Structure formats: C-alpha cells, structure tokens
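A.B. asks: This is input.csv (CSV, C-alpha atoms).
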```csv
chain,number,residue,atom,x,y,z
A,1,MET,CA,-25.8,30.5,30.7
A,2,SER,CA,-24.7,27.1,32.0
A,3,ASP,CA,-27.3,28.0,34.7
A,4,LEU,CA,-30.1,26.9,32.4
A,5,PRO,CA,-31.9,23.9,33.9
A,6,GLU,CA,-31.7,20.4,32.7
A,7,MET,CA,-33.9,19.8,29.7
A,8,LYS,CA,-34.7,16.9,27.4
A,9,PHE,CA,-35.6,16.9,23.8
A,10,GLY,CA,-39.4,16.9,23.7
A,11,HIS,CA,-40.8,17.5,20.2
A,12,LEU,CA,-40.3,19.0,16.9
A,13,GLY,CA,-42.6,21.0,14.6
A,14,ILE,CA,-42.2,21.2,10.9
A,15,ASN,CA,-43.9,23.4,8.4
A,16,VAL,CA,-45.5,21.5,5.5
A,17,THR,CA,-47.1,22.3,2.2
A,18,GLU,CA,-49.6,19.5,1.8
A,19,MET,CA,-50.9,18.4,5.2
A,20,GLN,CA,-52.8,15.2,4.3
A,21,PRO,CA,-50.1,13.3,2.5
A,22,MET,CA,-47.8,14.1,5.4
A,23,VAL,CA,-50.3,12.9,8.0
A,24,ASP,CA,-50.9,9.7,6.0
A,25,PHE,CA,-47.2,9.0,5.9
A,26,TYR,CA,-46.5,9.6,9.6
A,27,THR,CA,-49.5,7.5,10.6
A,28,ARG,CA,-49.7,4.7,8.1
A,29,VAL,CA,-46.0,4.1,7.4
A,30,LEU,CA,-44.4,5.3,10.7
A,31,GLY,CA,-47.1,4.3,13.1
A,32,PHE,CA,-47.7,7.7,14.7
A,33,THR,CA,-51.2,8.5,16.1
A,34,VAL,CA,-53.0,11.9,15.5
A,35,THR,CA,-53.5,13.0,19.1
A,36,ASP,CA,-55.2,16.3,18.1
A,37,ARG,CA,-55.8,18.3,15.0
A,38,GLY,CA,-57.1,21.8,14.5
A,39,ARG,CA,-56.5,25.4,13.7
A,40,SER,CA,-54.1,27.7,15.6
A,41,SER,CA,-55.2,31.1,16.8
A,42,ARG,CA,-53.5,32.5,13.7
A,43,GLY,CA,-55.6,30.3,11.4
A,44,GLY,CA,-53.0,27.7,10.4
A,45,GLU,CA,-53.8,24.0,10.4
A,46,LEU,CA,-51.9,21.9,13.0
A,47,ALA,CA,-51.6,18.1,13.4
A,48,PHE,CA,-50.1,16.7,16.6
A,49,LEU,CA,-48.5,13.3,16.3
A,50,SER,CA,-47.2,10.9,18.9
A,51,ARG,CA,-46.1,7.3,19.4
A,52,ASP,CA,-45.6,7.8,23.1
A,53,PRO,CA,-48.4,8.2,25.7
A,54,ASP,CA,-46.0,10.3,27.8
A,55,GLU,CA,-45.7,12.9,25.0
A,56,HIS,CA,-48.9,14.6,23.7
A,57,HIS,CA,-46.9,15.2,20.5
A,58,GLN,CA,-43.4,14.2,19.3
A,59,ILE,CA,-44.0,15.8,15.9
A,60,VAL,CA,-46.2,18.7,15.0
A,61,LEU,CA,-47.1,19.4,11.4
A,62,ALA,CA,-48.0,23.0,10.6
A,63,ASP,CA,-49.2,24.2,7.2
A,64,GLY,CA,-47.8,27.3,5.5
A,65,LYS,CA,-44.7,26.1,3.8
A,66,PRO,CA,-44.5,27.5,0.3
A,67,ALA,CA,-44.4,24.6,-2.3
A,68,ASP,CA,-41.1,25.7,-3.6
A,69,ALA,CA,-39.3,26.2,-0.3
A,70,MET,CA,-36.4,23.8,0.4
A,71,SER,CA,-36.7,22.0,3.7
A,72,THR,CA,-34.3,23.5,6.3
A,73,VAL,CA,-34.7,20.3,8.3
A,74,ASN,CA,-31.4,18.4,8.0
A,75,GLN,CA,-32.6,15.4,10.1
A,76,ILE,CA,-35.3,14.3,12.5
A,77,SER,CA,-33.8,11.5,14.6
A,78,PHE,CA,-35.4,8.9,16.7
A,79,ARG,CA,-33.6,6.3,18.8
A,80,VAL,CA,-34.6,2.6,19.2
A,81,ALA,CA,-33.4,0.2,21.9
A,82,GLU,CA,-32.1,-2.6,19.6
A,83,PHE,CA,-30.3,-2.8,16.3
A,84,SER,CA,-32.9,-5.3,15.1
A,85,GLN,CA,-35.5,-2.5,15.3
A,86,VAL,CA,-33.5,-0.4,12.8
A,87,ARG,CA,-33.9,-3.3,10.4
A,88,ILE,CA,-37.6,-3.4,11.1
A,89,MET,CA,-37.9,0.3,10.2
A,90,TYR,CA,-35.7,-0.3,7.1
A,91,ASP,CA,-38.0,-3.1,6.0
A,92,ARG,CA,-41.1,-1.0,6.7
A,93,VAL,CA,-40.1,2.0,4.7
A,94,THR,CA,-38.7,-0.2,1.9
A,95,GLU,CA,-41.9,-2.2,1.6
A,96,ALA,CA,-43.9,1.1,1.7
A,97,GLY,CA,-42.1,2.1,-1.5
A,98,VAL,CA,-40.1,5.0,0.1
A,99,LYS,CA,-37.3,6.0,-2.3
A,100,HIS,CA,-33.8,7.0,-1.2
A,101,VAL,CA,-33.7,4.8,1.9
A,102,ALA,CA,-30.1,5.0,3.2
A,103,PRO,CA,-28.7,2.7,5.9
A,104,ILE,CA,-25.6,4.4,7.4
A,105,ASP,CA,-22.9,3.2,9.8
A,106,HIS,CA,-21.8,6.2,11.8
A,107,GLY,CA,-19.6,4.1,14.1
A,108,ALA,CA,-21.3,5.7,17.2
A,109,ALA,CA,-24.7,4.8,15.7
A,110,LEU,CA,-26.2,2.4,13.1
A,111,SER,CA,-28.9,4.3,11.3
A,112,VAL,CA,-31.5,4.2,8.5
A,113,TYR,CA,-32.3,7.5,6.8
A,114,PHE,CA,-35.3,8.1,4.6
A,115,PRO,CA,-37.1,11.2,3.4
A,116,ASP,CA,-40.7,11.9,4.3
A,117,PRO,CA,-43.1,13.0,1.4
A,118,GLU,CA,-41.8,16.6,1.6
A,119,GLY,CA,-38.1,15.8,1.8
A,120,ASN,CA,-37.5,16.1,5.5
A,121,ARG,CA,-34.9,13.5,6.3
A,122,PHE,CA,-36.0,11.1,9.0
A,123,GLU,CA,-33.4,8.9,10.9
A,124,VAL,CA,-34.0,5.9,13.1
A,125,TYR,CA,-30.8,4.8,14.9
A,126,TRP,CA,-29.4,2.4,17.5
A,127,ALA,CA,-26.6,3.9,19.6
A,128,THR,CA,-23.4,1.6,19.6
A,129,PRO,CA,-21.1,1.4,22.6
A,130,HIS,CA,-18.3,3.1,20.6
A,131,TYR,CA,-17.2,6.7,20.1
A,132,ILE,CA,-15.3,7.8,17.0
A,133,GLU,CA,-15.0,11.4,15.8
A,134,GLN,CA,-18.0,12.6,13.9
A,135,PRO,CA,-19.0,13.2,11.1
A,136,HIS,CA,-18.5,9.6,9.9
A,137,ALA,CA,-20.7,7.9,7.5
A,138,LYS,CA,-20.4,4.6,5.6
A,139,PRO,CA,-23.2,2.5,4.0
A,140,ILE,CA,-24.6,-0.5,5.9
A,141,ASP,CA,-25.2,-3.6,3.9
A,142,PHE,CA,-28.5,-5.1,5.2
A,143,SER,CA,-27.8,-8.3,3.3
A,144,MET,CA,-25.5,-9.1,6.2
A,145,SER,CA,-26.9,-10.5,9.5
A,146,ASP,CA,-27.4,-8.1,12.5
A,147,ASP,CA,-24.5,-9.7,14.3
A,148,ASP,CA,-22.2,-9.3,11.3
A,149,ILE,CA,-23.2,-5.6,10.9
A,150,ILE,CA,-22.6,-4.9,14.6
A,151,GLY,CA,-19.3,-6.8,14.5
A,152,ALA,CA,-18.0,-5.0,11.4
A,153,CYS,CA,-18.9,-1.7,13.0
A,154,ALA,CA,-17.0,-2.6,16.2
A,155,GLU,CA,-14.0,-3.7,14.3
A,156,LYS,CA,-13.9,-0.5,12.2
A,157,CYS,CA,-14.3,1.7,15.3
A,158,LYS,CA,-11.5,0.0,17.3
A,159,ALA,CA,-9.2,0.6,14.3
A,160,ASP,CA,-10.0,4.3,14.3
A,161,PRO,CA,-7.4,6.6,16.0
A,162,THR,CA,-10.2,8.6,17.7
A,163,TYR,CA,-11.8,5.5,19.1
A,164,GLN,CA,-13.0,5.4,22.8
A,165,PRO,CA,-15.5,3.3,24.5
A,166,MET,CA,-18.7,5.5,24.6
A,167,ASP,CA,-18.8,5.3,28.4
A,168,ASP,CA,-15.3,6.9,28.6
A,169,TRP,CA,-16.4,9.6,26.2
A,170,LYS,CA,-19.5,10.3,28.2
A,171,SER,CA,-17.5,10.5,31.5
A,172,LYS,CA,-15.4,13.3,29.9
A,173,PHE,CA,-18.4,15.4,28.9
A,174,GLY,CA,-17.6,18.9,28.2
A,175,LEU,CA,-13.8,18.3,28.5
A,176,TRP,CA,-13.3,17.1,24.9
B,177,MET,CA,-60.5,9.5,11.4
B,178,ASP,CA,-60.0,5.7,10.7
B,179,GLU,CA,-57.7,6.5,7.8
B,180,GLU,CA,-55.3,8.2,10.2
B,181,LYS,CA,-54.9,5.3,12.5
B,182,PRO,CA,-51.6,3.4,11.9
B,183,ALA,CA,-52.0,0.1,10.1
B,184,ASP,CA,-49.6,-1.7,12.5
B,185,ARG,CA,-48.0,0.2,15.2
B,186,ASN,CA,-47.4,-2.9,17.3
B,187,GLY,CA,-45.1,-4.2,14.6
B,188,LEU,CA,-42.9,-1.2,14.9
B,189,PRO,CA,-40.5,-0.5,17.8
B,190,ASP,CA,-40.8,2.2,20.3
B,191,VAL,CA,-38.9,5.3,19.1
B,192,THR,CA,-37.8,8.3,21.1
B,193,LEU,CA,-37.0,11.6,19.6
B,194,ARG,CA,-33.3,12.3,20.3
B,195,HIS,CA,-32.0,14.9,18.0
B,196,VAL,CA,-32.8,17.3,15.2
B,197,GLY,CA,-30.6,18.7,12.5
B,198,MET,CA,-31.1,21.9,10.6
B,199,TYR,CA,-29.5,23.7,7.7
B,200,VAL,CA,-28.2,27.2,8.7
B,201,THR,CA,-26.8,30.2,6.8
B,202,ASP,CA,-24.1,31.3,9.2
B,203,ILE,CA,-22.9,28.4,11.3
B,204,ASN,CA,-20.6,30.5,13.4
B,205,VAL,CA,-23.5,32.8,14.6
B,206,ILE,CA,-25.7,29.8,15.3
B,207,VAL,CA,-23.0,27.9,17.2
B,208,GLU,CA,-22.3,31.0,19.3
B,209,PHE,CA,-26.0,31.3,20.2
B,210,TYR,CA,-26.5,27.7,21.1
B,211,THR,CA,-23.3,27.5,23.2
B,212,GLY,CA,-23.2,31.0,24.6
B,213,VAL,CA,-26.9,31.6,25.3
B,214,LEU,CA,-28.3,28.1,25.7
B,215,GLY,CA,-25.4,26.3,27.2
B,216,PHE,CA,-24.8,23.6,24.6
B,217,THR,CA,-21.4,22.1,24.1
B,218,VAL,CA,-19.9,21.4,20.7
B,219,SER,CA,-19.1,17.7,20.8
B,220,ASP,CA,-17.6,17.5,17.2
B,221,ARG,CA,-17.3,19.8,14.3
B,222,GLY,CA,-15.9,19.4,10.8
B,223,PRO,CA,-16.3,19.5,7.0
B,224,PHE,CA,-19.0,17.2,5.6
B,225,ARG,CA,-20.2,16.7,2.0
B,226,GLY,CA,-18.8,20.1,1.0
B,227,GLU,CA,-20.4,21.9,3.9
B,228,GLU,CA,-19.6,22.4,7.6
B,229,ILE,CA,-21.3,20.5,10.3
B,230,ALA,CA,-21.4,21.0,14.1
B,231,PHE,CA,-22.8,18.6,16.7
B,232,LEU,CA,-24.3,20.3,19.9
B,233,THR,CA,-25.5,18.7,23.1
B,234,ARG,CA,-26.3,19.5,26.7
B,235,ASP,CA,-26.6,15.8,27.7
B,236,PRO,CA,-23.7,13.4,28.1
B,237,GLU,CA,-26.0,10.6,27.1
B,238,GLU,CA,-26.4,12.1,23.7
B,239,HIS,CA,-23.5,12.9,21.4
B,240,HIS,CA,-25.7,15.5,19.7
B,241,GLU,CA,-29.2,16.9,20.4
B,242,ILE,CA,-28.9,19.5,17.7
B,243,VAL,CA,-26.9,19.2,14.5
B,244,VAL,CA,-26.3,22.4,12.4
B,245,MET,CA,-25.0,22.2,8.9
B,246,SER,CA,-24.2,25.1,6.6
B,247,GLY,CA,-25.9,25.4,3.2
B,248,ARG,CA,-29.2,27.2,3.9
B,249,PRO,CA,-29.5,30.1,1.4
B,250,ALA,CA,-29.7,33.4,3.2
B,251,GLY,CA,-33.3,34.6,3.7
B,252,SER,CA,-34.8,31.3,2.6
B,253,PHE,CA,-38.1,30.2,4.2
B,254,GLY,CA,-37.5,28.3,7.5
B,255,THR,CA,-39.4,25.0,7.5
B,256,ILE,CA,-38.8,24.4,11.2
B,257,ASN,CA,-41.9,25.3,13.1
B,258,GLN,CA,-40.5,24.6,16.6
B,259,ILE,CA,-37.7,22.7,18.4
B,260,SER,CA,-38.9,21.9,21.9
B,261,PHE,CA,-37.2,20.9,25.0
B,262,ARG,CA,-38.9,19.6,28.2
B,263,ALA,CA,-37.8,21.0,31.6
B,264,ASP,CA,-38.7,19.5,35.0
B,265,THR,CA,-40.3,22.2,37.1
B,266,LEU,CA,-42.1,25.6,36.9
B,267,ALA,CA,-39.1,27.0,38.9
B,268,ASP,CA,-36.9,25.8,36.0
B,269,LEU,CA,-39.1,27.5,33.5
B,270,ARG,CA,-39.0,30.8,35.5
B,271,THR,CA,-35.2,30.6,35.7
B,272,THR,CA,-35.1,30.1,32.0
B,273,HIS,CA,-37.3,33.1,31.4
B,274,LYS,CA,-35.1,35.3,33.6
B,275,LEU,CA,-31.9,34.0,31.9
B,276,LEU,CA,-33.2,34.6,28.4
B,277,THR,CA,-34.4,38.0,29.4
B,278,SER,CA,-31.1,39.0,30.9
B,279,ALA,CA,-29.3,37.6,27.8
B,280,GLY,CA,-31.0,40.3,25.8
B,281,ILE,CA,-33.2,38.0,23.8
B,282,GLU,CA,-35.7,40.5,22.3
B,283,LYS,CA,-38.7,38.3,21.5
B,284,ILE,CA,-39.8,35.9,24.2
B,285,ASP,CA,-43.3,34.5,24.2
B,286,PRO,CA,-44.5,32.7,27.4
B,287,VAL,CA,-47.6,30.6,26.7
B,288,ASP,CA,-50.1,28.6,28.7
B,289,HIS,CA,-51.2,25.6,26.5
B,290,GLY,CA,-53.3,24.0,29.2
B,291,ASN,CA,-51.4,20.7,28.9
B,292,ALA,CA,-48.0,22.5,29.0
B,293,LEU,CA,-46.5,25.8,30.2
B,294,SER,CA,-44.0,27.1,27.6
B,295,ILE,CA,-41.6,29.8,26.8
B,296,TYR,CA,-41.0,30.4,23.1
B,297,PHE,CA,-38.1,32.3,21.6
B,298,TRP,CA,-36.2,32.5,18.4
B,299,ASP,CA,-32.6,31.7,17.4
B,300,PRO,CA,-30.6,34.2,15.2
B,301,GLU,CA,-32.0,32.6,12.0
B,302,ASP,CA,-35.6,32.7,13.3
B,303,ASN,CA,-35.9,29.0,14.2
B,304,ARG,CA,-38.5,28.9,17.0
B,305,LEU,CA,-37.4,27.3,20.2
B,306,GLU,CA,-39.6,26.2,23.0
B,307,ILE,CA,-38.8,25.1,26.6
B,308,TYR,CA,-41.8,23.7,28.4
B,309,ILE,CA,-43.1,21.7,31.4
B,310,PRO,CA,-46.1,19.4,31.1
B,311,THR,CA,-49.1,20.1,33.4
B,312,PRO,CA,-51.2,17.3,35.0
B,313,TRP,CA,-54.1,18.2,32.6
B,314,TYR,CA,-55.2,17.5,29.1
B,315,VAL,CA,-57.2,19.9,27.0
B,316,THR,CA,-57.7,19.6,23.2
B,317,GLN,CA,-54.9,21.2,21.3
B,318,PRO,CA,-54.1,23.7,19.8
B,319,ASN,CA,-54.8,25.8,22.9
B,320,ARG,CA,-52.9,28.9,23.9
B,321,THR,CA,-53.2,32.0,26.1
B,322,PRO,CA,-50.4,34.2,27.4
B,323,LEU,CA,-48.5,33.1,30.5
B,324,ASP,CA,-47.8,35.9,33.0
B,325,PHE,CA,-44.6,35.5,34.9
B,326,SER,CA,-45.4,38.4,37.1
B,327,LEU,CA,-47.7,36.0,38.9
B,328,THR,CA,-46.3,33.6,41.6
B,329,ASP,CA,-45.8,29.9,40.7
B,330,ASP,CA,-48.8,28.9,42.7
B,331,GLU,CA,-50.9,31.6,40.9
B,332,ILE,CA,-49.7,30.5,37.5
B,333,LEU,CA,-50.7,26.9,38.2
B,334,ALA,CA,-54.0,27.9,39.7
B,335,VAL,CA,-55.0,30.1,36.8
B,336,SER,CA,-54.0,27.4,34.3
B,337,GLU,CA,-55.9,24.7,36.2
B,338,GLU,CA,-59.0,26.8,36.4
B,339,ARG,CA,-58.9,27.6,32.7
B,340,CYS,CA,-58.4,23.9,31.9
B,341,ARG,CA,-61.3,22.7,34.1
B,342,ALA,CA,-63.6,25.2,32.3
B,343,ASP,CA,-62.8,23.5,29.0
B,344,PRO,CA,-65.2,20.8,27.9
B,345,SER,CA,-62.3,18.6,26.7
B,346,PHE,CA,-60.7,18.7,30.2
B,347,ARG,CA,-59.2,15.4,31.5
B,348,PRO,CA,-56.4,14.6,33.9
B,349,ALA,CA,-53.4,13.9,31.8
B,350,ALA,CA,-53.0,10.4,33.4
B,351,ASP,CA,-56.5,9.5,32.1
B,352,TRP,CA,-55.6,10.7,28.6
B,353,GLN,CA,-52.4,8.7,28.7
B,354,ALA,CA,-54.2,5.6,29.8
B,355,ALA,CA,-56.6,5.9,26.9
B,356,PHE,CA,-53.7,6.3,24.4
B,357,PRO,CA,-53.6,2.7,23.2
B,358,GLU,CA,-57.3,2.9,22.3
B,359,ARG,CA,-56.5,5.8,20.0
B,360,VAL,CA,-53.9,3.6,18.3
B,361,GLY,CA,-56.6,1.0,17.7
```
Represent the structure from my file as structure tokens, please.
C.D. replies:
Amino acid sequence: MSDLPEMKFGHLGINVTEMQPMVDFYTRVLGFTVTDRGRSSRGGELAFLSRDPDEHHQIVLADGKPADAMSTVNQISFRVAEFSQVRIMYDRVTEAGVKHVAPIDHGAALSVYFPDPEGNRFEVYWATPHYIEQPHAKPIDFSMSDDDIIGACAEKCKADPTYQPMDDWKSKFGLW
Amino acid sequence: MDEEKPADRNGLPDVTLRHVGMYVTDINVIVEFYTGVLGFTVSDRGPFRGEEIAFLTRDPEEHHEIVVMSGRPAGSFGTINQISFRADTLADLRTTHKLLTSAGIEKIDPVDHGNALSIYFWDPEDNRLEIYIPTPWYVTQPNRTPLDFSLTDDEILAVSEERCRADPSFRPAADWQAAFPERVG
C-alpha cells in the first residue's frame, strides 16, 4: 500500500461532553475561530475551529462523549516556527490559569503540553535541528533564556549516542 | 457569537497541526494496520511511562504524524471523532478508494461535503480516518451527501459544484478565505 498518494495532516475531530466550555477554551485561550457550527445529519452538535484561512477546520468538536469516558486522545500537536512562540503559548496558558502545564525537552522538539478542559493533551512545539531516539522527555526550565534552553538542548543531544543532525535523519527516511 | 471570538489571536503565533497521538488497546494490531494498509513507517518505538509507544510517519519532514500508545482499556469509548489527511487531487482520492477497497477494508464511506470530497474509513479500534481533497467552494458546514465513485472525475466535480451553487451559503473558497481575518475580529 505504499502506492497511496502523498497526504498531509489536515484536521482532527474529538468527541466532547460539554461543548460550550470547550469552544470557549479553544477560542478565548488558544485563539481559534469558530468557522461553522451546527448539527450533523445524525443530530449531533458540531463546531469547526481554525486558526488558518487555508483550512476550514483544524479541530472539530463533536458532542456525544459520555461524561465518564476517559479521553483516548494522547496528544494534539501543533508546530510553531520559532522557539520564542512556544514561550508565548506557555505564558498564555499559564496566565489563563490552566493547570498541569508541562514544558518538555524531547531533544528533537521543545514543547509545551497542557490539557484542554476535558483532559485532551494539547502540545505546541518547535522542531530542533537534532535527532535523538524517541521517546525522550526532560523538563524545560522556562526561567532560563530562550538561547540557554536551545543551547542546553543542543549540548544534550550531541552527547546522546543516537544523535544525528535532523537533516541526515530525514535523508535516510524509511531506512532506519 | 462575540463571545466565541478570540480575545487576542494576533498575540499568538501561527500554529500548524502536525501530529496526533492516541491511546490504543492492541498496539501490534494498530501498528500493522497503519504500516501495512496505510503505508506509514515506524520511526521509533519503545517503552514509555510503563506503556509502549510507537511513532508513525509518511513524511520525512515529520518524525511522527501519528503516535500510538498502549493503555486504552478494551472496549472503552473512543473519543477521537476523526483523524483527517489532505490529499492533492481527485485522482489521488480515487486511487485511495481503490486501494482501501482492494485491501479488504469493509466499511468505507465516500462523502461530498461541498467544500471537500472525502473518504472515511475506520481503523481496527474504530478510530475514524478521513482522506480528503478541498474543493474550490465554500458552503456552510456540516454538509454531507454520498460521493459516488462510479461517476467519472469530471462528473463528480460537476455534481458537487451544482449542489454547492444551489446552496444559499455558496461562496468561492477564495472569497471565504479572504474574509477569514474579519471573522477573527
């Protein structure tokens, strides 16, 4: 089935228990816009959320999740262009009073994780130029400067026996 | 809907959805499906926090597009509504439909959303997957009608366009996209 065409991640839908608090969180805290909202042909309520004009929706919220159901979402992960933007997101969710905000250094990525109101784990990350074997997770100390965090990550990666420049790793795609 | 407008989108960086992780019951069955049927590659796999985790990708630019981690109780409610990938052309979508059919996937649901043409199908743990192409049109969502792959590509596009133009909310997608900043307010 390697004949399947090229495809890019487009959007993710999650089932929710309480629609309005979720819509409030994604719009007010995370800056998404409600592009459409309505009922599906099967009667469920749907809210379409995007931060990107090229995508009608990046996240879809659909009601119908039982209140006691554990989320089967492990992570919903968005990439930013600069590490400083990870700090902006960290500051935003911290100031919004979100609990369990976790800044994590994966070597290959510098990330901030936080749960949405229904416990779905959201990640905003910056991709570093380093590859080290995954999973790898150490806390980031945001009392350090951006340059110090990026420098400490690079030093750690280069000391790892599985280290490769990310460009080398990408060039060997599928041959690992 | 003022309360649903973000307080300060401009203060936040642009973000692009790059990967999703899900908890699974049988990681071996799931990895076999995503690699064997959908052509993903396992980029790394190992123990993590008492469970097993596997990283899957089809794109060298992304170490992982899908992460699967064991720990989902068997038979528990799945909270993923859809995991959706964008393809380039209707020919790609038709190829995908043929490949999924020949792979013996039992439940395949081709849908015309007006603003997208989609194929939905389900992984072995009932997570719904979508592969879609955008159309040049916007109509208010949700919107769905069956997509008929017995029609030619030209016929599919013509039928979809005619249905969109008959919808009072019809707009060219480019117009809708240009108006996006106004919605953000």
A.B. asks: Which polymer residues have any atom within 7 Å of an atom of segment 228-236 of chain B, counting only C-alpha atoms, with same-chain residues fewer than 6 positions away left out, as a PyMOL selection string?
C.D. replies: (chain A and resi 170+173) or (chain B and resi 215-222+242-246)
A.B. asks: Using all atoms listed in the file, which of A:Ile104, A:Ile132, A:Ala69, A:Met166 sits nearest chain B?
C.D. replies: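 The answer is A:Ala69, which sits nearest to chain B.
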A.B. asks: If I take atom CA of Ala159 of chain A and atom CA of His239 of chain B, how far is one from the other in Å, to one decimal?
C.D. replies: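 About the pair atom CA of Ala159 of chain A and atom CA of His239 of chain B: they are 20.2 Å apart.
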A.B. asks: Find, counting all atoms listed in the file, the residue in A:Tyr113, A:Asn74, A:Phe122, A:Ala127 that gets nearest to Pro139 of chain A.
C.D. replies: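 Of all the options, A:Tyr113 lies closest to Pro139 of chain A.
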A.B. asks: Skipping near chain neighbours, those fewer than 5 positions away, what residues fall within 12 Å of Glu6 of chain A using only C-alpha atoms, listed as a list in words?
C.D. replies: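 Here the qualifying residues turn out to be Met1 of chain A; Leu214, Gly215, Phe216, Thr233, Arg234, Asp235, Pro236, Phe261, Arg262, Ala263, Asp264, Thr265, Ala267, Asp268, Leu269, Thr271, Thr272, Ile307, Tyr308 and Ile309 of chain B.
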A.B. asks: Please find the residues of chain B near chain A - the criterion being any atom within 7 Å, counting only C-alpha atoms - and write them as a ChimeraX atom specification.
C.D. replies: /B:180-185,188-199,212-215,217,220,222,224,236-237,248,253-263,268,272,316-318,353,356,360
A.B. asks: May I ask for the distance between atom CA of Leu323 of chain B and atom CA of Ile206 of chain B, given in Å to one decimal place?
C.D. replies: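 The value is 27.6 Å.
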A.B. asks: In Å, how far is it from atom CA of His57 of chain A to atom CA of Asn291 of chain B?
C.D. replies: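 It comes out at 11.0 Å.
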A.B. asks: My list of candidates is A:His106, A:Pro129, A:Glu118, A:Gly97. Which is closest to Pro165 of chain A when distances are computed with all atoms listed in the file?
C.D. replies: A:Pro129
A.B. asks: Using only C-alpha atoms for the distances, tell me which of A:Pro103, A:Lys156, A:Thr128, A:Tyr163 is nearest to Asp141 of chain A.
C.D. replies: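 Answer, going by the shortest atom-to-atom distance: A:Pro103.
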A.B. asks: Between B:Asp299, B:Leu293, B:Tyr314, B:Thr328, which is the closest to Ile281 of chain B once you count only C-alpha atoms?
C.D. replies: B:Asp299
A.B. asks: Within 12 Å of Ser336 of chain B, counting only C-alpha atoms, which residues show up once you throw out same-chain ones fewer than 5 positions away? Write them as a ChimeraX atom specification, please.
C.D. replies: /B:287-293,310-315,319-324,327,329-331,341-343,346
A.B. asks: Can you list, as number ranges by chain, every protein, DNA or RNA residue that comes within 12 Å of Pro300 of chain B when you count only C-alpha atoms, leaving out same-chain residues fewer than 2 positions away?
C.D. replies: B: 200-210, 213, 251, 254, 281-283, 297-298, 302-305
A.B. asks: Take the selection from the previous step and output its residues with C-alpha atoms, as a short mmCIF file (atom, residue, chain, number, x, y, z; two decimals), keeping the file's coordinate frame.
C.D. replies:
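Contents of the output file selection01.cif:
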```cif
data_model
loop_
_atom_site.label_atom_id
_atom_site.label_comp_id
_atom_site.auth_asym_id
_atom_site.auth_seq_id
_atom_site.Cartn_x
_atom_site.Cartn_y
_atom_site.Cartn_z
CA VAL B 200 -28.20 27.20 8.70
CA THR B 201 -26.80 30.20 6.80
CA ASP B 202 -24.10 31.30 9.20
CA ILE B 203 -22.90 28.40 11.30
CA ASN B 204 -20.60 30.50 13.40
CA VAL B 205 -23.50 32.80 14.60
CA ILE B 206 -25.70 29.80 15.30
CA VAL B 207 -23.00 27.90 17.20
CA GLU B 208 -22.30 31.00 19.30
CA PHE B 209 -26.00 31.30 20.20
CA TYR B 210 -26.50 27.70 21.10
CA VAL B 213 -26.90 31.60 25.30
CA GLY B 251 -33.30 34.60 3.70
CA GLY B 254 -37.50 28.30 7.50
CA ILE B 281 -33.20 38.00 23.80
CA GLU B 282 -35.70 40.50 22.30
CA LYS B 283 -38.70 38.30 21.50
CA PHE B 297 -38.10 32.30 21.60
CA TRP B 298 -36.20 32.50 18.40
CA ASP B 302 -35.60 32.70 13.30
CA ASN B 303 -35.90 29.00 14.20
CA ARG B 304 -38.50 28.90 17.00
CA LEU B 305 -37.40 27.30 20.20
#
```
A.B. asks: Please rebuild segment 199-210 of chain B with N, CA and C atoms and return the result as a PDB file, keeping the file's coordinate frame.
C.D. replies:
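Contents of the output file rebuild11.pdb:
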```pdb
ATOM      1  N   TYR B 199     -30.412  22.974   8.593  1.00  0.00           N
ATOM      2  CA  TYR B 199     -29.500  23.700   7.700  1.00  0.00           C
ATOM      3  C   TYR B 199     -29.498  25.171   8.175  1.00  0.00           C
ATOM      4  N   VAL B 200     -28.306  25.774   8.204  1.00  0.00           N
ATOM      5  CA  VAL B 200     -28.200  27.200   8.700  1.00  0.00           C
ATOM      6  C   VAL B 200     -27.375  27.962   7.654  1.00  0.00           C
ATOM      7  N   THR B 201     -27.537  29.254   7.730  1.00  0.00           N
ATOM      8  CA  THR B 201     -26.800  30.200   6.800  1.00  0.00           C
ATOM      9  C   THR B 201     -25.456  30.522   7.349  1.00  0.00           C
ATOM     10  N   ASP B 202     -25.418  30.959   8.622  1.00  0.00           N
ATOM     11  CA  ASP B 202     -24.100  31.300   9.200  1.00  0.00           C
ATOM     12  C   ASP B 202     -23.871  30.451  10.439  1.00  0.00           C
ATOM     13  N   ILE B 203     -23.080  29.412  10.207  1.00  0.00           N
ATOM     14  CA  ILE B 203     -22.900  28.400  11.300  1.00  0.00           C
ATOM     15  C   ILE B 203     -22.189  28.982  12.480  1.00  0.00           C
ATOM     16  N   ASN B 204     -21.322  29.973  12.294  1.00  0.00           N
ATOM     17  CA  ASN B 204     -20.600  30.500  13.400  1.00  0.00           C
ATOM     18  C   ASN B 204     -21.569  31.288  14.382  1.00  0.00           C
ATOM     19  N   VAL B 205     -22.478  32.071  13.813  1.00  0.00           N
ATOM     20  CA  VAL B 205     -23.500  32.800  14.600  1.00  0.00           C
ATOM     21  C   VAL B 205     -24.370  31.843  15.361  1.00  0.00           C
ATOM     22  N   ILE B 206     -24.781  30.795  14.663  1.00  0.00           N
ATOM     23  CA  ILE B 206     -25.700  29.800  15.300  1.00  0.00           C
ATOM     24  C   ILE B 206     -24.983  29.046  16.402  1.00  0.00           C
ATOM     25  N   VAL B 207     -23.755  28.604  16.157  1.00  0.00           N
ATOM     26  CA  VAL B 207     -23.000  27.900  17.200  1.00  0.00           C
ATOM     27  C   VAL B 207     -22.798  28.766  18.409  1.00  0.00           C
ATOM     28  N   GLU B 208     -22.487  30.037  18.179  1.00  0.00           N
ATOM     29  CA  GLU B 208     -22.300  31.000  19.300  1.00  0.00           C
ATOM     30  C   GLU B 208     -23.550  31.124  20.132  1.00  0.00           C
ATOM     31  N   PHE B 209     -24.709  31.176  19.462  1.00  0.00           N
ATOM     32  CA  PHE B 209     -26.000  31.300  20.200  1.00  0.00           C
ATOM     33  C   PHE B 209     -26.277  30.065  21.020  1.00  0.00           C
ATOM     34  N   TYR B 210     -26.151  28.900  20.401  1.00  0.00           N
ATOM     35  CA  TYR B 210     -26.500  27.700  21.100  1.00  0.00           C
ATOM     36  C   TYR B 210     -25.542  27.351  22.249  1.00  0.00           C
TER      37      TYR B 210
END
```
